[in-house]
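Listing of upload-v3.cif; format and content: mmCIF, C-alpha atoms, pLDDT in the B column; chains and numbers go by the auth columns.
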data_upload
#
loop_
_atom_site.group_PDB
_atom_site.id
_atom_site.type_symbol
_atom_site.label_atom_id
_atom_site.label_comp_id
_atom_site.label_asym_id
_atom_site.label_seq_id
_atom_site.Cartn_x
_atom_site.Cartn_y
_atom_site.Cartn_z
_atom_site.B_iso_or_equiv
_atom_site.auth_seq_id
_atom_site.auth_asym_id
ATOM 1 C CA MET A 1 140.304 297.278 144.220 72.00 7 A
ATOM 2 C CA TYR A 2 136.762 296.185 143.459 84.00 8 A
ATOM 3 C CA GLU A 3 134.474 293.371 144.593 91.00 9 A
ATOM 4 C CA LEU A 4 132.689 291.555 141.751 91.00 10 A
ATOM 5 C CA GLN A 5 130.101 288.785 141.555 96.00 11 A
ATOM 6 C CA PHE A 6 130.276 286.084 138.883 96.00 12 A
ATOM 7 C CA PHE A 7 127.915 283.241 138.002 95.00 13 A
ATOM 8 C CA ALA A 8 128.544 279.986 136.109 96.00 14 A
ATOM 9 C CA THR A 9 126.646 276.772 135.454 94.00 15 A
ATOM 10 C CA ASP A 10 127.723 273.153 135.143 93.00 16 A
ATOM 11 C CA ASP A 11 126.480 272.809 131.563 92.00 17 A
ATOM 12 C CA ALA A 12 128.247 275.694 129.814 95.00 18 A
ATOM 13 C CA ASP A 13 131.716 277.204 129.599 97.00 19 A
ATOM 14 C CA TRP A 14 132.386 280.145 131.900 97.00 20 A
ATOM 15 C CA ALA A 15 133.544 282.898 129.557 97.00 21 A
ATOM 16 C CA GLN A 16 134.047 286.324 131.068 97.00 22 A
ATOM 17 C CA ARG A 17 135.262 289.689 129.875 96.00 23 A
ATOM 18 C CA VAL A 18 136.306 292.450 132.276 96.00 24 A
ATOM 19 C CA ASP A 19 137.025 296.026 131.225 95.00 25 A
ATOM 20 C CA LEU A 20 139.693 297.701 133.360 94.00 26 A
ATOM 21 C CA ILE A 21 139.732 301.470 133.881 92.00 27 A
ATOM 22 C CA ASP A 22 142.691 303.411 135.271 89.00 28 A
ATOM 23 C CA ASP A 23 141.356 305.285 138.327 87.00 29 A
ATOM 24 C CA ALA A 24 143.837 308.135 137.849 90.00 30 A
ATOM 25 C CA THR A 25 142.996 308.874 134.204 94.00 31 A
ATOM 26 C CA ASN A 26 139.526 307.343 133.781 95.00 32 A
ATOM 27 C CA GLN A 27 140.881 305.737 130.587 95.00 33 A
ATOM 28 C CA PRO A 28 141.315 302.039 129.733 95.00 34 A
ATOM 29 C CA LEU A 29 144.125 300.549 131.817 92.00 35 A
ATOM 30 C CA ASP A 30 147.391 300.082 129.928 92.00 36 A
ATOM 31 C CA THR A 31 147.622 296.293 129.735 92.00 37 A
ATOM 32 C CA ALA A 32 150.737 296.050 127.520 91.00 38 A
ATOM 33 C CA GLY A 33 153.351 293.741 129.030 92.00 39 A
ATOM 34 C CA VAL A 34 151.295 293.139 132.187 95.00 40 A
ATOM 35 C CA LEU A 35 150.973 289.708 133.815 98.00 41 A
ATOM 36 C CA PHE A 36 147.383 289.003 134.881 98.00 42 A
ATOM 37 C CA GLU A 37 146.466 286.078 137.138 98.00 43 A
ATOM 38 C CA LEU A 38 143.007 284.868 138.161 98.00 44 A
ATOM 39 C CA GLU A 39 142.348 282.303 140.873 98.00 45 A
ATOM 40 C CA VAL A 40 139.127 280.605 141.951 98.00 46 A
ATOM 41 C CA SER A 41 139.482 278.997 145.373 97.00 47 A
ATOM 42 C CA ASP A 42 137.551 277.293 148.133 96.00 48 A
ATOM 43 C CA HIS A 43 138.770 277.479 151.745 93.00 49 A
ATOM 44 C CA GLY A 44 142.261 278.373 150.525 91.00 50 A
ATOM 45 C CA ALA A 45 142.456 275.525 147.985 96.00 51 A
ATOM 46 C CA ARG A 46 142.922 276.560 144.341 97.00 52 A
ATOM 47 C CA ARG A 47 140.200 275.125 142.088 97.00 53 A
ATOM 48 C CA LEU A 48 140.795 277.083 138.875 98.00 54 A
ATOM 49 C CA PHE A 49 143.658 279.265 137.666 98.00 55 A
ATOM 50 C CA ALA A 50 144.255 281.368 134.567 98.00 56 A
ATOM 51 C CA THR A 51 147.090 283.682 133.543 98.00 57 A
ATOM 52 C CA THR A 52 148.335 285.680 130.610 97.00 58 A
ATOM 53 C CA ALA A 53 151.632 283.781 130.963 97.00 59 A
ATOM 54 C CA ASP A 54 150.070 280.656 129.410 97.00 60 A
ATOM 55 C CA GLY A 55 147.393 282.379 127.320 96.00 61 A
ATOM 56 C CA SER A 56 144.451 281.277 129.468 97.00 62 A
ATOM 57 C CA ILE A 57 143.751 284.987 130.048 98.00 63 A
ATOM 58 C CA ALA A 58 143.635 286.979 126.824 97.00 64 A
ATOM 59 C CA ILE A 59 143.979 290.712 126.290 97.00 65 A
ATOM 60 C CA PRO A 60 141.749 291.322 123.252 96.00 66 A
ATOM 61 C CA GLU A 61 142.229 295.096 123.427 95.00 67 A
ATOM 62 C CA THR A 62 143.826 297.674 125.712 95.00 68 A
ATOM 63 C CA GLY A 63 142.073 297.744 129.057 95.00 69 A
ATOM 64 C CA THR A 64 140.269 294.420 128.630 96.00 70 A
ATOM 65 C CA ILE A 65 140.977 290.918 129.870 97.00 71 A
ATOM 66 C CA GLN A 66 138.962 287.799 129.197 97.00 72 A
ATOM 67 C CA TRP A 67 139.057 284.144 130.136 98.00 73 A
ATOM 68 C CA ARG A 68 137.199 280.935 129.411 98.00 74 A
ATOM 69 C CA PHE A 69 136.957 277.817 131.556 98.00 75 A
ATOM 70 C CA THR A 70 135.436 274.822 129.775 97.00 76 A
ATOM 71 C CA THR A 71 132.715 272.654 131.261 95.00 77 A
ATOM 72 C CA ALA A 72 135.398 270.002 131.791 96.00 78 A
ATOM 73 C CA GLN A 73 137.527 272.455 133.804 97.00 79 A
ATOM 74 C CA LEU A 74 134.459 273.539 135.775 96.00 80 A
ATOM 75 C CA GLY A 75 134.150 269.893 136.858 93.00 81 A
ATOM 76 C CA ALA A 76 136.601 270.875 139.630 94.00 82 A
ATOM 77 C CA LEU A 77 133.732 272.825 141.250 96.00 83 A
ATOM 78 C CA ASP A 78 130.721 271.661 143.260 94.00 84 A
ATOM 79 C CA ILE A 79 127.202 272.715 142.289 91.00 85 A
ATOM 80 C CA ARG A 80 125.483 275.153 144.665 83.00 86 A
ATOM 81 C CA ASN A 81 128.807 276.309 146.045 92.00 87 A
ATOM 82 C CA THR A 82 130.181 279.823 146.072 96.00 88 A
ATOM 83 C CA TYR A 83 133.892 280.305 145.490 98.00 89 A
ATOM 84 C CA LYS A 84 136.328 283.113 146.151 98.00 90 A
ATOM 85 C CA VAL A 85 137.740 284.842 143.058 98.00 91 A
ATOM 86 C CA GLY A 86 140.843 286.999 142.972 97.00 92 A
ATOM 87 C CA CYS A 87 142.616 288.762 140.115 97.00 93 A
ATOM 88 C CA ARG A 88 145.954 290.525 140.300 97.00 94 A
ATOM 89 C CA MET A 89 148.340 292.175 137.892 96.00 95 A
ATOM 90 C CA THR A 90 152.093 292.442 137.959 97.00 96 A
ATOM 91 C CA ASN A 91 153.933 295.094 135.979 93.00 97 A
ATOM 92 C CA GLY A 92 157.160 297.080 136.292 87.00 98 A
ATOM 93 C CA THR A 93 155.965 298.825 139.450 89.00 99 A
ATOM 94 C CA GLY A 94 154.837 295.742 141.428 94.00 100 A
ATOM 95 C CA THR A 95 151.825 293.536 142.024 96.00 101 A
ATOM 96 C CA THR A 96 148.338 294.995 142.472 93.00 102 A
ATOM 97 C CA GLN A 97 145.106 293.243 143.439 94.00 103 A
ATOM 98 C CA LEU A 98 142.606 294.312 140.752 93.00 104 A
ATOM 99 C CA PHE A 99 139.512 292.707 142.176 94.00 105 A
ATOM 100 C CA THR A 100 138.176 290.082 144.492 96.00 106 A
ATOM 101 C CA GLY A 101 134.756 288.567 144.428 96.00 107 A
ATOM 102 C CA THR A 102 132.652 285.461 144.344 97.00 108 A
ATOM 103 C CA LEU A 103 131.665 282.861 141.791 97.00 109 A
ATOM 104 C CA ALA A 104 128.288 281.211 142.356 96.00 110 A
ATOM 105 C CA PHE A 105 128.294 277.801 140.641 95.00 111 A
ATOM 106 C CA VAL A 106 124.879 276.255 139.994 91.00 112 A
ATOM 107 C CA GLY A 107 123.251 273.479 138.004 87.00 113 A
ATOM 108 C CA GLY A 108 122.204 274.658 134.568 81.00 114 A
ATOM 109 C CA GLY A 109 119.016 272.657 134.290 75.00 115 A
ATOM 110 C CA PHE A 110 119.875 270.453 131.318 75.00 116 A
ATOM 111 C CA GLY A 111 119.152 267.199 133.160 64.00 117 A
ATOM 112 C CA ARG A 112 122.593 265.793 133.760 54.00 118 A
#
Translate the structure described by the file into C-alpha coordinates.
Amino acid sequence: MYELQFFATDDADWAQRVDLIDDATNQPLDTAGVLFELEVSDHGARRLFATTADGSIAIPETGTIQWRFTTAQLGALDIRNTYKVGCRMTNGTGTTQLFTGTLAFVGGGFGR
(Lines of atoms letter the chains of each structure in order from A and count residues from 1; the text may use other names and numbers.)
(Lines give C-alpha, C1' and ligand atoms only; values in the text may rest on other atoms or scores of the structure.)
Protein backbone atom coordinates (compact mmCIF):
# COMPACT_ATOMS: atom_id res chain seq x y z
CA MET A 1 0.00 0.00 0.00
CA TYR A 2 1.17 3.52 -0.78
CA GLU A 3 0.43 6.99 0.57
CA LEU A 4 -0.26 9.61 -2.12
CA GLN A 5 -0.94 13.34 -2.11
CA PHE A 6 -3.48 14.91 -4.46
CA PHE A 7 -4.43 18.53 -5.12
CA ALA A 8 -7.60 20.04 -6.61
CA THR A 9 -9.09 23.51 -6.99
CA ASP A 10 -12.64 24.82 -6.85
CA ASP A 11 -12.57 26.14 -10.42
CA ALA A 12 -11.53 23.06 -12.41
CA ASP A 13 -12.43 19.39 -12.65
CA TRP A 14 -10.24 17.01 -10.66
CA ALA A 15 -9.01 14.52 -13.24
CA GLN A 16 -6.42 12.02 -12.10
CA ARG A 17 -4.61 9.07 -13.61
CA VAL A 18 -2.78 6.50 -11.49
CA ASP A 19 -0.49 3.82 -12.90
CA LEU A 20 -0.51 0.61 -10.86
CA ILE A 21 2.51 -1.69 -10.75
CA ASP A 22 2.44 -5.27 -9.47
CA ASP A 23 5.07 -5.43 -6.69
CA ALA A 24 5.79 -9.10 -7.38
CA THR A 25 6.47 -8.75 -11.12
CA ASN A 26 7.28 -5.04 -11.51
CA GLN A 27 4.84 -5.05 -14.45
CA PRO A 28 1.55 -3.16 -14.87
CA LEU A 29 -1.08 -4.59 -12.53
CA ASP A 30 -3.61 -6.86 -14.22
CA THR A 31 -6.78 -4.77 -13.99
CA ALA A 32 -9.08 -7.04 -16.04
CA GLY A 33 -12.31 -7.80 -14.18
CA VAL A 34 -11.20 -5.91 -11.06
CA LEU A 35 -13.55 -3.65 -9.08
CA PHE A 36 -11.85 -0.39 -8.08
CA GLU A 37 -13.37 2.01 -5.56
CA LEU A 38 -12.14 5.47 -4.54
CA GLU A 39 -13.48 7.44 -1.59
CA VAL A 40 -12.78 11.00 -0.46
CA SER A 41 -13.89 11.56 3.13
CA ASP A 42 -13.78 14.03 5.98
CA HIS A 43 -13.95 12.81 9.59
CA GLY A 44 -15.47 9.53 8.42
CA ALA A 45 -18.13 11.16 6.22
CA ARG A 46 -17.99 10.30 2.51
CA ARG A 47 -17.76 13.41 0.32
CA LEU A 48 -16.92 11.88 -3.06
CA PHE A 49 -17.03 8.32 -4.39
CA ALA A 50 -16.07 6.69 -7.68
CA THR A 51 -16.04 3.07 -8.84
CA THR A 52 -15.53 0.98 -11.92
CA ALA A 53 -18.97 -0.53 -11.23
CA ASP A 54 -20.69 2.64 -12.49
CA GLY A 55 -17.95 3.82 -14.86
CA SER A 56 -16.83 6.76 -12.72
CA ILE A 57 -13.40 5.08 -12.58
CA ALA A 58 -12.11 4.10 -16.01
CA ILE A 59 -9.42 1.61 -16.94
CA PRO A 60 -7.94 3.13 -20.11
CA GLU A 61 -5.21 0.48 -20.33
CA THR A 62 -3.86 -2.42 -18.29
CA GLY A 63 -2.38 -1.17 -15.04
CA THR A 64 -3.99 2.28 -15.17
CA ILE A 65 -7.06 3.76 -13.52
CA GLN A 66 -8.40 7.26 -13.93
CA TRP A 67 -11.25 9.34 -12.59
CA ARG A 68 -12.77 12.78 -13.03
CA PHE A 69 -14.86 14.76 -10.56
CA THR A 70 -16.53 17.83 -12.06
CA THR A 71 -16.45 21.26 -10.46
CA ALA A 72 -20.10 20.68 -9.53
CA GLN A 73 -19.20 17.44 -7.72
CA LEU A 74 -16.29 19.18 -6.00
CA GLY A 75 -18.88 21.57 -4.54
CA ALA A 76 -19.25 18.92 -1.80
CA LEU A 77 -15.81 19.99 -0.52
CA ASP A 78 -14.71 23.03 1.49
CA ILE A 79 -11.87 25.25 0.27
CA ARG A 80 -8.65 25.09 2.29
CA ASN A 81 -9.56 21.69 3.67
CA THR A 82 -7.59 18.48 3.36
CA TYR A 83 -9.49 15.24 2.88
CA LYS A 84 -8.65 11.59 3.32
CA VAL A 85 -8.47 9.53 0.12
CA GLY A 86 -8.62 5.76 -0.09
CA CYS A 87 -8.60 3.39 -3.05
CA ARG A 88 -9.18 -0.35 -2.93
CA MET A 89 -9.56 -3.16 -5.40
CA THR A 90 -11.59 -6.33 -5.22
CA ASN A 91 -10.81 -9.32 -7.40
CA GLY A 92 -11.12 -13.10 -7.19
CA THR A 93 -8.67 -13.30 -4.29
CA GLY A 94 -10.22 -10.62 -2.03
CA THR A 95 -10.11 -6.91 -1.31
CA THR A 96 -6.81 -5.00 -1.17
CA GLN A 97 -6.16 -1.40 -0.14
CA LEU A 98 -4.12 0.05 -3.03
CA PHE A 99 -3.38 3.44 -1.56
CA THR A 100 -4.41 6.00 0.98
CA GLY A 101 -3.57 9.65 0.95
CA THR A 102 -4.79 13.19 1.12
CA LEU A 103 -6.55 15.63 -1.17
CA ALA A 104 -5.77 19.30 -0.56
CA PHE A 105 -8.68 21.39 -1.88
CA VAL A 106 -7.93 25.07 -2.49
CA GLY A 107 -9.39 28.11 -4.23
CA GLY A 108 -8.21 28.36 -7.81
CA GLY A 109 -7.92 32.12 -7.99
CA PHE A 110 -10.52 32.85 -10.67
CA GLY A 111 -12.46 35.31 -8.51
CA ARG A 112 -15.57 33.38 -7.62
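Taken over the shown file, the PyMOL selection byres ((chain A and resi 14) around 10) identifies A:Phe12, A:Phe13, A:Thr15, A:Asp16, A:Asp17, A:Ala18, A:Asp19, A:Trp20, A:Ala21, A:Gln22, A:Phe75, A:Thr77, A:Leu80, A:Ile85, A:Leu109, A:Ala110, A:Phe111, A:Val112, A:Gly113, A:Gly114.
Using only C-alpha atoms for every distance, the candidate list A:Leu104, A:Ile63, A:Val91, A:Ile71 yields A:Val91 as the residue closest to Val46 (chain A).
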The distance between CA of Asn87 (chain A) and CA of Thr101 (chain A) is 29.0 Å
Q: Taking the file above as input, evaluate the PyMOL selection byres ((chain A and resi 55) around 12) and report the hits as a VMD selection string.
A: chain A and resid 42 to 47 51 to 54 56 to 63 73 to 75 79 to 80 82 90 to 94
Self-check item: Output of the PyMOL selection byres ((chain A and resi 10) around 8), listed as a list in words
Solution: Tyr8, Glu9, Gln11, Phe12, Phe105, Thr106, Gly107 and Thr108 of chain A
CA of Phe116 (chain A) sits from CA of Val24 (chain A) at a separation of 27.5 Å
Self-check item: Coordinates-based distance that separates CA of Thr96 (chain A) from CA of Gly81 (chain A) (Å, one decimal)
Solution: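 Between CA of Gly81 (chain A) and CA of Thr96 (chain A) the gap works out to 28.8 Å.
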Taking all atoms listed in the file into account, name the residue in A:Gly50, A:Gly100, A:Gly115, A:Gly39 that is nearest to Ile65 (chain A).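 Closest to Ile65 (chain A) of all the choices is A:Gly39.
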Quiz item: Taking all atoms listed in the file into account, which of A:Asp48, A:Asp84, A:Asp29, A:Asp36 comes nearest Thr68 (chain A)?
Solution: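 Of all the options, A:Asp36 lies closest to Thr68 (chain A).
The protein and nucleic acid residues lying at most 8 Å from Leu26 (chain A) are Pro34, Leu35, Gly69, Thr70 and Ile71 of chain A, with only C-alpha atoms considered and sequence neighbours fewer than 5 positions away removed.
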